[in-house]
file data.cif (mmCIF, N, CA and C atoms)
data_work
#
loop_
_atom_site.label_atom_id
_atom_site.label_comp_id
_atom_site.auth_asym_id
_atom_site.auth_seq_id
_atom_site.Cartn_x
_atom_site.Cartn_y
_atom_site.Cartn_z
N MET X 32 6.25 -8.23 56.58
CA MET X 32 5.68 -7.81 55.32
C MET X 32 6.63 -8.17 54.19
N LYS X 33 6.09 -8.67 53.12
CA LYS X 33 6.92 -8.96 51.95
C LYS X 33 6.68 -7.91 50.87
N ILE X 34 7.63 -7.80 49.98
CA ILE X 34 7.45 -6.93 48.81
C ILE X 34 6.83 -7.81 47.73
N PRO X 35 5.57 -7.57 47.35
CA PRO X 35 4.87 -8.49 46.45
C PRO X 35 5.26 -8.43 44.99
N ARG X 36 5.88 -7.33 44.55
CA ARG X 36 6.25 -7.22 43.13
C ARG X 36 7.19 -6.04 42.95
N MET X 37 7.82 -6.00 41.81
CA MET X 37 8.65 -4.87 41.43
C MET X 37 7.78 -3.95 40.58
N THR X 38 7.82 -2.65 40.83
CA THR X 38 6.98 -1.72 40.09
C THR X 38 7.77 -0.76 39.22
N VAL X 39 9.00 -0.41 39.63
CA VAL X 39 9.82 0.53 38.87
C VAL X 39 11.27 0.07 38.92
N ILE X 40 11.93 0.14 37.78
CA ILE X 40 13.38 -0.05 37.70
C ILE X 40 13.95 1.29 37.28
N THR X 41 14.85 1.84 38.09
CA THR X 41 15.46 3.13 37.77
C THR X 41 16.90 2.91 37.34
N LEU X 42 17.24 3.46 36.19
CA LEU X 42 18.60 3.43 35.68
C LEU X 42 19.19 4.82 35.79
N GLY X 43 20.36 4.92 36.41
CA GLY X 43 21.10 6.17 36.43
C GLY X 43 21.77 6.36 35.09
N VAL X 44 21.52 7.48 34.43
CA VAL X 44 22.01 7.69 33.07
C VAL X 44 22.89 8.95 32.98
N ALA X 45 23.84 8.93 32.07
CA ALA X 45 24.75 10.06 31.88
C ALA X 45 24.07 11.21 31.14
N ASP X 46 23.20 10.88 30.19
CA ASP X 46 22.55 11.90 29.36
C ASP X 46 21.08 11.52 29.26
N LEU X 47 20.23 12.24 30.00
CA LEU X 47 18.81 11.89 30.07
C LEU X 47 18.12 11.95 28.71
N ALA X 48 18.40 12.96 27.92
CA ALA X 48 17.76 13.08 26.60
C ALA X 48 18.16 11.92 25.70
N ARG X 49 19.43 11.55 25.70
CA ARG X 49 19.91 10.44 24.86
C ARG X 49 19.28 9.12 25.30
N ALA X 50 19.26 8.88 26.62
CA ALA X 50 18.67 7.63 27.13
C ALA X 50 17.18 7.57 26.85
N THR X 51 16.49 8.71 27.01
CA THR X 51 15.05 8.75 26.73
C THR X 51 14.78 8.43 25.27
N ALA X 52 15.56 9.02 24.37
CA ALA X 52 15.38 8.75 22.93
C ALA X 52 15.65 7.29 22.60
N PHE X 53 16.69 6.71 23.20
CA PHE X 53 17.03 5.31 22.95
C PHE X 53 15.89 4.40 23.38
N TYR X 54 15.41 4.56 24.61
CA TYR X 54 14.35 3.67 25.11
C TYR X 54 13.01 3.93 24.43
N ARG X 55 12.74 5.17 24.04
CA ARG X 55 11.53 5.44 23.28
C ARG X 55 11.57 4.64 21.97
N GLU X 56 12.75 4.59 21.35
CA GLU X 56 12.91 3.87 20.09
C GLU X 56 12.78 2.36 20.26
N ILE X 57 13.47 1.77 21.23
CA ILE X 57 13.45 0.31 21.31
C ILE X 57 12.14 -0.23 21.87
N PHE X 58 11.47 0.53 22.74
CA PHE X 58 10.18 0.06 23.26
C PHE X 58 9.01 0.55 22.41
N ALA X 59 9.26 1.48 21.49
CA ALA X 59 8.20 2.08 20.68
C ALA X 59 7.09 2.61 21.57
N THR X 60 7.49 3.17 22.70
CA THR X 60 6.55 3.70 23.68
C THR X 60 7.06 5.06 24.15
N PRO X 61 6.26 6.10 23.96
CA PRO X 61 6.72 7.40 24.45
C PRO X 61 6.61 7.46 25.97
N PRO X 62 7.47 8.24 26.59
CA PRO X 62 7.34 8.42 28.04
C PRO X 62 5.98 9.04 28.35
N ILE X 63 5.36 8.60 29.44
CA ILE X 63 4.08 9.21 29.80
C ILE X 63 4.29 10.46 30.61
N THR X 64 5.43 10.54 31.28
CA THR X 64 5.70 11.69 32.15
C THR X 64 7.19 11.96 32.15
N GLN X 65 7.52 13.21 32.08
CA GLN X 65 8.89 13.62 32.35
C GLN X 65 8.75 14.69 33.41
N TYR X 66 9.15 14.37 34.62
CA TYR X 66 8.91 15.23 35.77
C TYR X 66 10.20 15.46 36.52
N GLU X 67 10.53 16.73 36.72
CA GLU X 67 11.71 17.08 37.51
C GLU X 67 12.96 16.34 37.04
N GLY X 68 13.15 16.21 35.74
CA GLY X 68 14.36 15.58 35.22
C GLY X 68 14.37 14.08 35.30
N VAL X 69 13.20 13.46 35.40
CA VAL X 69 13.08 12.00 35.41
C VAL X 69 12.18 11.60 34.25
N THR X 70 12.56 10.57 33.52
CA THR X 70 11.71 10.04 32.47
C THR X 70 11.13 8.72 32.94
N PHE X 71 9.82 8.56 32.78
CA PHE X 71 9.14 7.31 33.09
C PHE X 71 8.60 6.71 31.81
N ILE X 72 8.89 5.43 31.59
CA ILE X 72 8.35 4.72 30.43
C ILE X 72 7.54 3.55 30.97
N PRO X 73 6.22 3.58 30.77
CA PRO X 73 5.39 2.49 31.29
C PRO X 73 5.51 1.24 30.43
N LEU X 74 5.76 0.13 31.09
CA LEU X 74 5.81 -1.17 30.43
C LEU X 74 4.86 -2.10 31.18
N PRO X 75 4.34 -3.12 30.55
CA PRO X 75 3.44 -4.02 31.27
C PRO X 75 4.11 -4.59 32.52
N GLY X 76 3.50 -4.35 33.66
CA GLY X 76 3.98 -4.92 34.91
C GLY X 76 5.03 -4.12 35.64
N VAL X 77 5.73 -3.21 34.95
CA VAL X 77 6.80 -2.44 35.59
C VAL X 77 7.05 -1.18 34.76
N TRP X 78 7.45 -0.12 35.42
CA TRP X 78 7.87 1.09 34.70
C TRP X 78 9.37 1.16 34.69
N LEU X 79 9.92 1.71 33.61
CA LEU X 79 11.34 2.00 33.54
C LEU X 79 11.49 3.49 33.81
N SER X 80 12.36 3.82 34.76
CA SER X 80 12.63 5.20 35.12
C SER X 80 14.07 5.51 34.75
N LEU X 81 14.28 6.66 34.11
CA LEU X 81 15.61 7.13 33.74
C LEU X 81 15.88 8.40 34.51
N TYR X 82 17.02 8.43 35.20
CA TYR X 82 17.32 9.55 36.09
C TYR X 82 18.81 9.85 35.98
N PRO X 83 19.21 11.11 35.93
CA PRO X 83 20.64 11.41 35.84
C PRO X 83 21.44 10.71 36.94
N LEU X 84 22.52 10.06 36.57
CA LEU X 84 23.30 9.23 37.48
C LEU X 84 23.75 9.98 38.73
N GLU X 85 24.26 11.18 38.56
CA GLU X 85 24.73 11.95 39.72
C GLU X 85 23.58 12.27 40.66
N LYS X 86 22.40 12.59 40.10
CA LYS X 86 21.25 12.90 40.94
C LYS X 86 20.73 11.65 41.66
N LEU X 87 20.82 10.50 41.00
CA LEU X 87 20.42 9.26 41.66
C LEU X 87 21.33 8.98 42.84
N ALA X 88 22.63 9.14 42.66
CA ALA X 88 23.58 8.94 43.77
C ALA X 88 23.30 9.93 44.89
N GLU X 89 23.02 11.18 44.54
CA GLU X 89 22.69 12.19 45.54
C GLU X 89 21.41 11.83 46.29
N ASP X 90 20.41 11.34 45.56
CA ASP X 90 19.13 10.98 46.17
C ASP X 90 19.29 9.84 47.16
N ILE X 91 20.17 8.91 46.86
CA ILE X 91 20.42 7.79 47.78
C ILE X 91 21.07 8.28 49.06
N ALA X 92 21.77 9.40 48.98
CA ALA X 92 22.42 10.02 50.15
C ALA X 92 23.46 9.12 50.78
N GLU X 93 24.17 8.44 49.96
CA GLU X 93 25.25 7.57 50.41
C GLU X 93 26.51 7.96 49.63
N GLU X 94 27.64 7.55 50.17
CA GLU X 94 28.86 7.68 49.40
C GLU X 94 28.78 6.63 48.30
N VAL X 95 28.55 7.08 47.12
CA VAL X 95 28.37 6.17 45.99
C VAL X 95 29.50 6.39 45.01
N GLU X 96 30.20 5.33 44.71
CA GLU X 96 31.23 5.41 43.69
C GLU X 96 30.56 5.17 42.35
N LEU X 97 30.60 6.16 41.50
CA LEU X 97 29.96 6.03 40.20
C LEU X 97 30.79 5.11 39.32
N PRO X 98 30.12 4.17 38.64
CA PRO X 98 30.86 3.24 37.79
C PRO X 98 31.43 3.93 36.56
N ALA X 99 32.52 3.38 36.08
CA ALA X 99 33.07 3.87 34.82
C ALA X 99 32.07 3.55 33.72
N PRO X 100 31.92 4.43 32.75
CA PRO X 100 30.97 4.16 31.66
C PRO X 100 31.29 2.84 30.95
N ASN X 101 30.24 2.16 30.53
CA ASN X 101 30.35 0.93 29.75
C ASN X 101 31.16 -0.17 30.44
N THR X 102 30.98 -0.31 31.74
CA THR X 102 31.58 -1.43 32.46
C THR X 102 30.47 -2.32 32.99
N PHE X 103 30.76 -3.59 33.07
CA PHE X 103 29.77 -4.54 33.56
C PHE X 103 29.52 -4.27 35.04
N ARG X 104 28.26 -4.15 35.40
CA ARG X 104 27.89 -3.77 36.76
C ARG X 104 27.39 -4.94 37.59
N GLY X 105 27.48 -6.14 37.06
CA GLY X 105 27.11 -7.31 37.84
C GLY X 105 25.64 -7.69 37.75
N PHE X 106 24.90 -7.12 36.84
CA PHE X 106 23.51 -7.52 36.64
C PHE X 106 23.10 -7.22 35.21
N SER X 107 22.00 -7.81 34.80
CA SER X 107 21.44 -7.48 33.50
C SER X 107 19.93 -7.40 33.63
N LEU X 108 19.35 -6.64 32.76
CA LEU X 108 17.91 -6.57 32.62
C LEU X 108 17.56 -7.60 31.55
N ALA X 109 16.32 -8.04 31.51
CA ALA X 109 16.00 -9.09 30.54
C ALA X 109 14.58 -8.94 30.00
N TYR X 110 14.44 -9.42 28.79
CA TYR X 110 13.14 -9.55 28.14
C TYR X 110 13.07 -10.97 27.60
N ASN X 111 12.01 -11.67 27.95
CA ASN X 111 11.80 -13.01 27.41
C ASN X 111 10.87 -12.91 26.21
N ALA X 112 11.37 -13.40 25.09
CA ALA X 112 10.64 -13.36 23.83
C ALA X 112 9.80 -14.62 23.67
N ARG X 113 8.91 -14.58 22.72
CA ARG X 113 8.03 -15.72 22.44
C ARG X 113 8.60 -16.66 21.39
N SER X 114 9.69 -16.22 20.72
CA SER X 114 10.29 -17.08 19.69
C SER X 114 11.70 -16.58 19.37
N LYS X 115 12.46 -17.45 18.70
CA LYS X 115 13.79 -17.05 18.23
C LYS X 115 13.67 -15.93 17.20
N GLU X 116 12.65 -15.98 16.37
CA GLU X 116 12.45 -14.96 15.35
C GLU X 116 12.21 -13.60 15.99
N GLU X 117 11.45 -13.58 17.09
CA GLU X 117 11.22 -12.32 17.78
C GLU X 117 12.53 -11.74 18.30
N ILE X 118 13.40 -12.60 18.80
CA ILE X 118 14.71 -12.14 19.28
C ILE X 118 15.48 -11.48 18.14
N MET X 119 15.52 -12.12 17.00
CA MET X 119 16.26 -11.55 15.88
C MET X 119 15.67 -10.20 15.45
N ASN X 120 14.35 -10.08 15.47
CA ASN X 120 13.72 -8.80 15.14
C ASN X 120 14.08 -7.72 16.15
N ILE X 121 14.11 -8.09 17.42
CA ILE X 121 14.48 -7.14 18.47
C ILE X 121 15.92 -6.69 18.29
N PHE X 122 16.82 -7.61 18.00
CA PHE X 122 18.22 -7.24 17.83
C PHE X 122 18.42 -6.32 16.63
N SER X 123 17.64 -6.51 15.61
CA SER X 123 17.70 -5.60 14.47
C SER X 123 17.27 -4.20 14.90
N ARG X 124 16.21 -4.15 15.67
CA ARG X 124 15.67 -2.87 16.13
C ARG X 124 16.65 -2.15 17.07
N VAL X 125 17.22 -2.88 18.04
CA VAL X 125 18.12 -2.21 18.99
C VAL X 125 19.42 -1.78 18.31
N ALA X 126 19.87 -2.55 17.34
CA ALA X 126 21.06 -2.14 16.59
C ALA X 126 20.78 -0.84 15.83
N ASP X 127 19.60 -0.75 15.22
CA ASP X 127 19.22 0.48 14.51
C ASP X 127 19.12 1.67 15.46
N ALA X 128 18.78 1.40 16.74
CA ALA X 128 18.66 2.47 17.73
C ALA X 128 20.01 2.87 18.33
N GLY X 129 21.07 2.16 17.96
CA GLY X 129 22.40 2.51 18.43
C GLY X 129 22.94 1.68 19.57
N ALA X 130 22.27 0.57 19.89
CA ALA X 130 22.76 -0.30 20.95
C ALA X 130 24.05 -1.00 20.51
N HIS X 131 24.88 -1.30 21.48
CA HIS X 131 26.07 -2.12 21.23
C HIS X 131 25.65 -3.58 21.40
N ILE X 132 25.88 -4.41 20.40
CA ILE X 132 25.56 -5.84 20.51
C ILE X 132 26.74 -6.50 21.22
N ALA X 133 26.51 -6.89 22.47
CA ALA X 133 27.57 -7.49 23.28
C ALA X 133 27.74 -8.97 22.98
N LYS X 134 26.65 -9.66 22.67
CA LYS X 134 26.69 -11.09 22.34
C LYS X 134 25.55 -11.36 21.38
N ILE X 135 25.90 -11.77 20.17
CA ILE X 135 24.85 -12.02 19.18
C ILE X 135 23.96 -13.18 19.66
N PRO X 136 22.68 -13.15 19.33
CA PRO X 136 21.80 -14.24 19.75
C PRO X 136 22.30 -15.58 19.25
N GLN X 137 22.24 -16.56 20.16
CA GLN X 137 22.72 -17.90 19.84
C GLN X 137 22.10 -18.91 20.79
N ASP X 138 22.21 -20.19 20.42
CA ASP X 138 21.74 -21.25 21.29
C ASP X 138 22.52 -21.21 22.60
N THR X 139 21.84 -21.56 23.70
CA THR X 139 22.46 -21.49 25.03
C THR X 139 22.67 -22.87 25.62
N PHE X 140 23.48 -22.92 26.67
CA PHE X 140 23.74 -24.18 27.36
C PHE X 140 22.49 -24.70 28.06
N TRP X 141 21.52 -23.83 28.36
CA TRP X 141 20.32 -24.25 29.08
C TRP X 141 19.16 -24.60 28.15
N GLY X 142 19.45 -24.68 26.86
CA GLY X 142 18.44 -25.12 25.90
C GLY X 142 17.63 -24.00 25.28
N GLY X 143 17.99 -22.78 25.55
CA GLY X 143 17.28 -21.65 24.99
C GLY X 143 18.06 -20.97 23.89
N PHE X 144 17.73 -19.73 23.66
CA PHE X 144 18.34 -18.91 22.62
C PHE X 144 18.37 -17.50 23.18
N SER X 145 19.55 -16.87 23.21
CA SER X 145 19.60 -15.52 23.77
C SER X 145 20.81 -14.75 23.27
N GLY X 146 20.75 -13.44 23.48
CA GLY X 146 21.85 -12.55 23.18
C GLY X 146 21.79 -11.36 24.11
N TYR X 147 22.84 -10.55 24.09
CA TYR X 147 22.93 -9.38 24.96
C TYR X 147 23.26 -8.13 24.15
N PHE X 148 22.69 -7.02 24.56
CA PHE X 148 23.09 -5.72 24.04
C PHE X 148 23.24 -4.76 25.22
N THR X 149 23.92 -3.65 24.97
CA THR X 149 24.01 -2.61 25.99
C THR X 149 23.38 -1.34 25.47
N ASP X 150 22.78 -0.59 26.41
CA ASP X 150 22.20 0.70 26.08
C ASP X 150 23.30 1.75 26.06
N PRO X 151 22.98 3.02 25.80
CA PRO X 151 24.02 4.04 25.74
C PRO X 151 24.82 4.24 27.03
N ASP X 152 24.27 3.80 28.17
CA ASP X 152 24.97 3.94 29.44
C ASP X 152 25.67 2.66 29.87
N GLY X 153 25.65 1.65 29.02
CA GLY X 153 26.36 0.41 29.32
C GLY X 153 25.56 -0.60 30.12
N TYR X 154 24.25 -0.38 30.31
CA TYR X 154 23.43 -1.38 30.99
C TYR X 154 23.18 -2.54 30.04
N TYR X 155 23.40 -3.74 30.53
CA TYR X 155 23.22 -4.94 29.72
C TYR X 155 21.77 -5.40 29.75
N TRP X 156 21.30 -5.78 28.58
CA TRP X 156 19.98 -6.37 28.40
C TRP X 156 20.16 -7.74 27.76
N GLU X 157 19.50 -8.74 28.31
CA GLU X 157 19.44 -10.04 27.66
C GLU X 157 18.07 -10.16 27.02
N VAL X 158 18.04 -10.66 25.81
CA VAL X 158 16.79 -11.01 25.15
C VAL X 158 16.86 -12.51 24.94
N ALA X 159 15.90 -13.23 25.55
CA ALA X 159 16.00 -14.69 25.60
C ALA X 159 14.68 -15.35 25.25
N TRP X 160 14.79 -16.57 24.76
CA TRP X 160 13.65 -17.46 24.55
C TRP X 160 14.05 -18.81 25.10
N GLY X 161 13.09 -19.49 25.73
CA GLY X 161 13.33 -20.84 26.21
C GLY X 161 12.06 -21.66 26.11
N GLN X 162 12.21 -22.91 25.70
CA GLN X 162 11.04 -23.77 25.52
C GLN X 162 10.36 -24.10 26.85
N MET X 163 11.03 -23.84 27.98
CA MET X 163 10.46 -24.13 29.27
C MET X 163 9.54 -23.03 29.79
N PHE X 164 9.47 -21.91 29.05
CA PHE X 164 8.65 -20.77 29.45
C PHE X 164 7.38 -20.68 28.62
N GLU X 165 6.38 -20.09 29.22
CA GLU X 165 5.16 -19.72 28.52
C GLU X 165 4.66 -18.41 29.13
N PHE X 166 3.64 -17.85 28.51
CA PHE X 166 3.11 -16.58 28.96
C PHE X 166 1.64 -16.73 29.31
N THR X 167 1.21 -16.02 30.35
CA THR X 167 -0.20 -16.01 30.71
C THR X 167 -0.95 -15.13 29.72
N GLU X 168 -2.25 -15.10 29.85
CA GLU X 168 -3.06 -14.26 28.95
C GLU X 168 -2.72 -12.77 29.11
N HIS X 169 -2.15 -12.38 30.24
CA HIS X 169 -1.76 -10.99 30.48
C HIS X 169 -0.31 -10.73 30.11
N GLY X 170 0.39 -11.76 29.59
CA GLY X 170 1.77 -11.58 29.16
C GLY X 170 2.81 -11.85 30.24
N ASP X 171 2.39 -12.33 31.41
CA ASP X 171 3.33 -12.65 32.47
C ASP X 171 4.07 -13.94 32.14
N LEU X 172 5.36 -13.98 32.43
CA LEU X 172 6.20 -15.13 32.18
C LEU X 172 6.01 -16.17 33.28
N ARG X 173 5.98 -17.44 32.89
CA ARG X 173 5.95 -18.51 33.90
C ARG X 173 6.57 -19.76 33.29
N PHE X 174 6.96 -20.68 34.18
CA PHE X 174 7.46 -21.98 33.72
C PHE X 174 6.27 -22.81 33.27
N LYS X 175 6.47 -23.61 32.21
CA LYS X 175 5.42 -24.52 31.79
C LYS X 175 5.18 -25.56 32.86
N ALA X 176 3.95 -25.95 32.99
CA ALA X 176 3.57 -26.94 34.01
C ALA X 176 4.05 -28.32 33.63
#

call {"tool": "encode", "arguments": {"input": "data.cif", "output": "structure tokens"}}
result
Amino acid sequence: MKIPRMTVITLGVADLARATAFYREIFATPPITQYEGVTFIPLPGVWLSLYPLEKLAEDIAEEVELPAPNTFRGFSLAYNARSKEEIMNIFSRVADAGAHIAKIPQDTFWGGFSGYFTDPDGYYWEVAWGQMFEFTEHGDLRFKA
């Protein structure tokens, strides 16, 4: 059996209320449910879940070494924009919401345009545009044919 798609991304957060407010602001989408100390924010194709970091480690039931705040964790989340202008608008919005701009948007070695910001818990987000991408009528990303 294969896993056909990703449905939820859960971020372990230090302060649930702060993280919820931050993501509500940048996505302009209120959480649909806050249940048992978990915030869910529905996004097209995937939900973002925010859960207290210590409780996430406890739920995994493993010896988990919690990362130091604001350290690179070896991955980034990403949003592909439809234009360079959209990227600049997003960076203005996330800066207003209190994000740390880790790398200002700029031309890339792969022919695109992207930048990085971090949320209040230090998770990196890339916002990128590339001429090799297009979107389906439902907003799904794909390579141009």

call {"tool": "closest_atom_pairs", "arguments": {"input": "data.cif", "of": "segment 46-140 of chain X", "to": "segment 165-176 of chain X", "cutoff": "8 Å", "atoms": "all atoms listed in the file", "output": "CSV"}}
result
residue,atom,partner,partner_atom,distance
X:Pro75,C,X:Gly170,C,7.7
X:Asn111,CA,X:Leu172,CA,7.7
X:Arg113,CA,X:Phe166,N,7.8

call {"tool": "closest_atom_pairs", "arguments": {"input": "data.cif", "of": "segment 118-153 of chain X", "to": "segment 95-106 of chain X", "cutoff": "7 Å", "atoms": "all atoms listed in the file", "output": "JSON lines"}}
result
{"residue": "X:Pro151", "atom": "C", "partner": "X:Asn101", "partner_atom": "N", "distance": 6.8}
{"residue": "X:Asp152", "atom": "C", "partner": "X:Asn101", "partner_atom": "N", "distance": 4.6}
{"residue": "X:Gly153", "atom": "CA", "partner": "X:Asn101", "partner_atom": "CA", "distance": 4.0}

call {"tool": "select_by_dssp", "arguments": {"input": "data.cif", "residues": "segment 111-151 of chain X", "states": "alpha helix (DSSP H)", "output": "list in words"}}
result
Lys115, Glu116, Glu117, Ile118, Met119, Asn120, Ile121, Phe122, Ser123, Arg124, Val125, Ala126 and Asp127 of chain X

call {"tool": "resolve_selection", "arguments": {"input": "data.cif", "expression": "the PyMOL selection byres ((chain X and resi 155) around 7)", "output": "JSON, numbers by chain"}}
result
{"X": [104, 106, 107, 108, 109, 147, 148, 149, 150, 152, 153, 154, 156, 157]}

call {"tool": "atom_distance", "arguments": {"input": "data.cif", "atom1": "atom CA of Thr60 of chain X", "atom2": "atom N of Phe144 of chain X"}}
result
26.0 Å

call {"tool": "atom_distance", "arguments": {"input": "data.cif", "atom1": "atom CA of Gly161 of chain X", "atom2": "atom CA of Gly142 of chain X"}}
result
6.7 Å

call {"tool": "decode", "arguments": {"input": "data.cif", "residues": "segment 83-150 of chain X", "atoms": "C-alpha atoms", "output": "PDB file, in the first residue's frame"}}
result
ATOM      1  CA  PRO X  83       2.427  22.095  21.894  1.00  0.00           C
ATOM      2  CA  LEU X  84       5.946  20.769  21.279  1.00  0.00           C
ATOM      3  CA  GLU X  85       6.228  18.858  24.550  1.00  0.00           C
ATOM      4  CA  LYS X  86       2.846  17.191  23.978  1.00  0.00           C
ATOM      5  CA  LEU X  87       3.840  16.225  20.438  1.00  0.00           C
ATOM      6  CA  ALA X  88       7.011  14.578  21.754  1.00  0.00           C
ATOM      7  CA  GLU X  89       4.954  12.815  24.429  1.00  0.00           C
ATOM      8  CA  ASP X  90       2.418  11.644  21.830  1.00  0.00           C
ATOM      9  CA  ILE X  91       5.172  10.121  19.712  1.00  0.00           C
ATOM     10  CA  ALA X  92       6.195   8.138  22.819  1.00  0.00           C
ATOM     11  CA  GLU X  93       9.840   8.192  21.916  1.00  0.00           C
ATOM     12  CA  GLU X  94      12.878   9.700  23.517  1.00  0.00           C
ATOM     13  CA  VAL X  95      12.752  12.950  21.617  1.00  0.00           C
ATOM     14  CA  GLU X  96      15.376  15.602  21.986  1.00  0.00           C
ATOM     15  CA  LEU X  97      13.584  18.897  21.643  1.00  0.00           C
ATOM     16  CA  PRO X  98      15.377  21.306  19.321  1.00  0.00           C
ATOM     17  CA  ALA X  99      16.723  24.582  20.574  1.00  0.00           C
ATOM     18  CA  PRO X 100      14.387  27.420  19.594  1.00  0.00           C
ATOM     19  CA  ASN X 101      15.086  29.106  16.262  1.00  0.00           C
ATOM     20  CA  THR X 102      17.543  26.511  14.969  1.00  0.00           C
ATOM     21  CA  PHE X 103      17.459  25.053  11.497  1.00  0.00           C
ATOM     22  CA  ARG X 104      15.801  21.647  11.652  1.00  0.00           C
ATOM     23  CA  GLY X 105      16.828  20.343   8.255  1.00  0.00           C
ATOM     24  CA  PHE X 106      13.608  21.014   6.362  1.00  0.00           C
ATOM     25  CA  SER X 107      11.411  23.828   5.180  1.00  0.00           C
ATOM     26  CA  LEU X 108       7.777  24.235   4.337  1.00  0.00           C
ATOM     27  CA  ALA X 109       6.994  25.931   1.051  1.00  0.00           C
ATOM     28  CA  TYR X 110       4.411  27.883  -0.857  1.00  0.00           C
ATOM     29  CA  ASN X 111       4.703  28.288  -4.610  1.00  0.00           C
ATOM     30  CA  ALA X 112       3.443  31.652  -5.774  1.00  0.00           C
ATOM     31  CA  ARG X 113       2.045  32.570  -9.171  1.00  0.00           C
ATOM     32  CA  SER X 114       4.359  35.565  -9.644  1.00  0.00           C
ATOM     33  CA  LYS X 115       7.288  37.508  -8.210  1.00  0.00           C
ATOM     34  CA  GLU X 116       4.844  40.241  -7.221  1.00  0.00           C
ATOM     35  CA  GLU X 117       2.821  37.754  -5.175  1.00  0.00           C
ATOM     36  CA  ILE X 118       5.996  36.775  -3.327  1.00  0.00           C
ATOM     37  CA  MET X 119       6.730  40.383  -2.445  1.00  0.00           C
ATOM     38  CA  ASN X 120       3.154  40.855  -1.186  1.00  0.00           C
ATOM     39  CA  ILE X 121       3.445  37.722   0.952  1.00  0.00           C
ATOM     40  CA  PHE X 122       6.735  38.883   2.457  1.00  0.00           C
ATOM     41  CA  SER X 123       5.166  42.196   3.369  1.00  0.00           C
ATOM     42  CA  ARG X 124       2.310  40.364   5.062  1.00  0.00           C
ATOM     43  CA  VAL X 125       4.500  37.905   7.005  1.00  0.00           C
ATOM     44  CA  ALA X 126       6.809  40.704   8.147  1.00  0.00           C
ATOM     45  CA  ASP X 127       3.764  42.593   9.457  1.00  0.00           C
ATOM     46  CA  ALA X 128       2.723  39.397  11.297  1.00  0.00           C
ATOM     47  CA  GLY X 129       6.096  39.240  13.060  1.00  0.00           C
ATOM     48  CA  ALA X 130       7.964  36.692  10.955  1.00  0.00           C
ATOM     49  CA  HIS X 131      11.743  36.821  10.822  1.00  0.00           C
ATOM     50  CA  ILE X 132      12.892  37.321   7.218  1.00  0.00           C
ATOM     51  CA  ALA X 133      15.722  34.804   6.901  1.00  0.00           C
ATOM     52  CA  LYS X 134      16.466  35.477   3.217  1.00  0.00           C
ATOM     53  CA  ILE X 135      14.912  38.313   1.260  1.00  0.00           C
ATOM     54  CA  PRO X 136      13.270  37.230  -2.009  1.00  0.00           C
ATOM     55  CA  GLN X 137      15.756  37.144  -4.859  1.00  0.00           C
ATOM     56  CA  ASP X 138      16.557  35.443  -8.144  1.00  0.00           C
ATOM     57  CA  THR X 139      17.710  31.842  -7.670  1.00  0.00           C
ATOM     58  CA  PHE X 140      20.321  29.614  -9.280  1.00  0.00           C
ATOM     59  CA  TRP X 141      17.510  27.424 -10.689  1.00  0.00           C
ATOM     60  CA  GLY X 142      15.892  30.282 -12.604  1.00  0.00           C
ATOM     61  CA  GLY X 143      13.196  31.139 -10.117  1.00  0.00           C
ATOM     62  CA  PHE X 144      12.640  33.731  -7.429  1.00  0.00           C
ATOM     63  CA  SER X 145      12.347  32.897  -3.735  1.00  0.00           C
ATOM     64  CA  GLY X 146      12.936  33.915  -0.150  1.00  0.00           C
ATOM     65  CA  TYR X 147      12.653  32.422   3.326  1.00  0.00           C
ATOM     66  CA  PHE X 148      11.036  33.483   6.569  1.00  0.00           C
ATOM     67  CA  THR X 149      10.666  31.799   9.934  1.00  0.00           C
ATOM     68  CA  ASP X 150       7.572  31.579  12.088  1.00  0.00           C
TER      69      ASP X 150
END
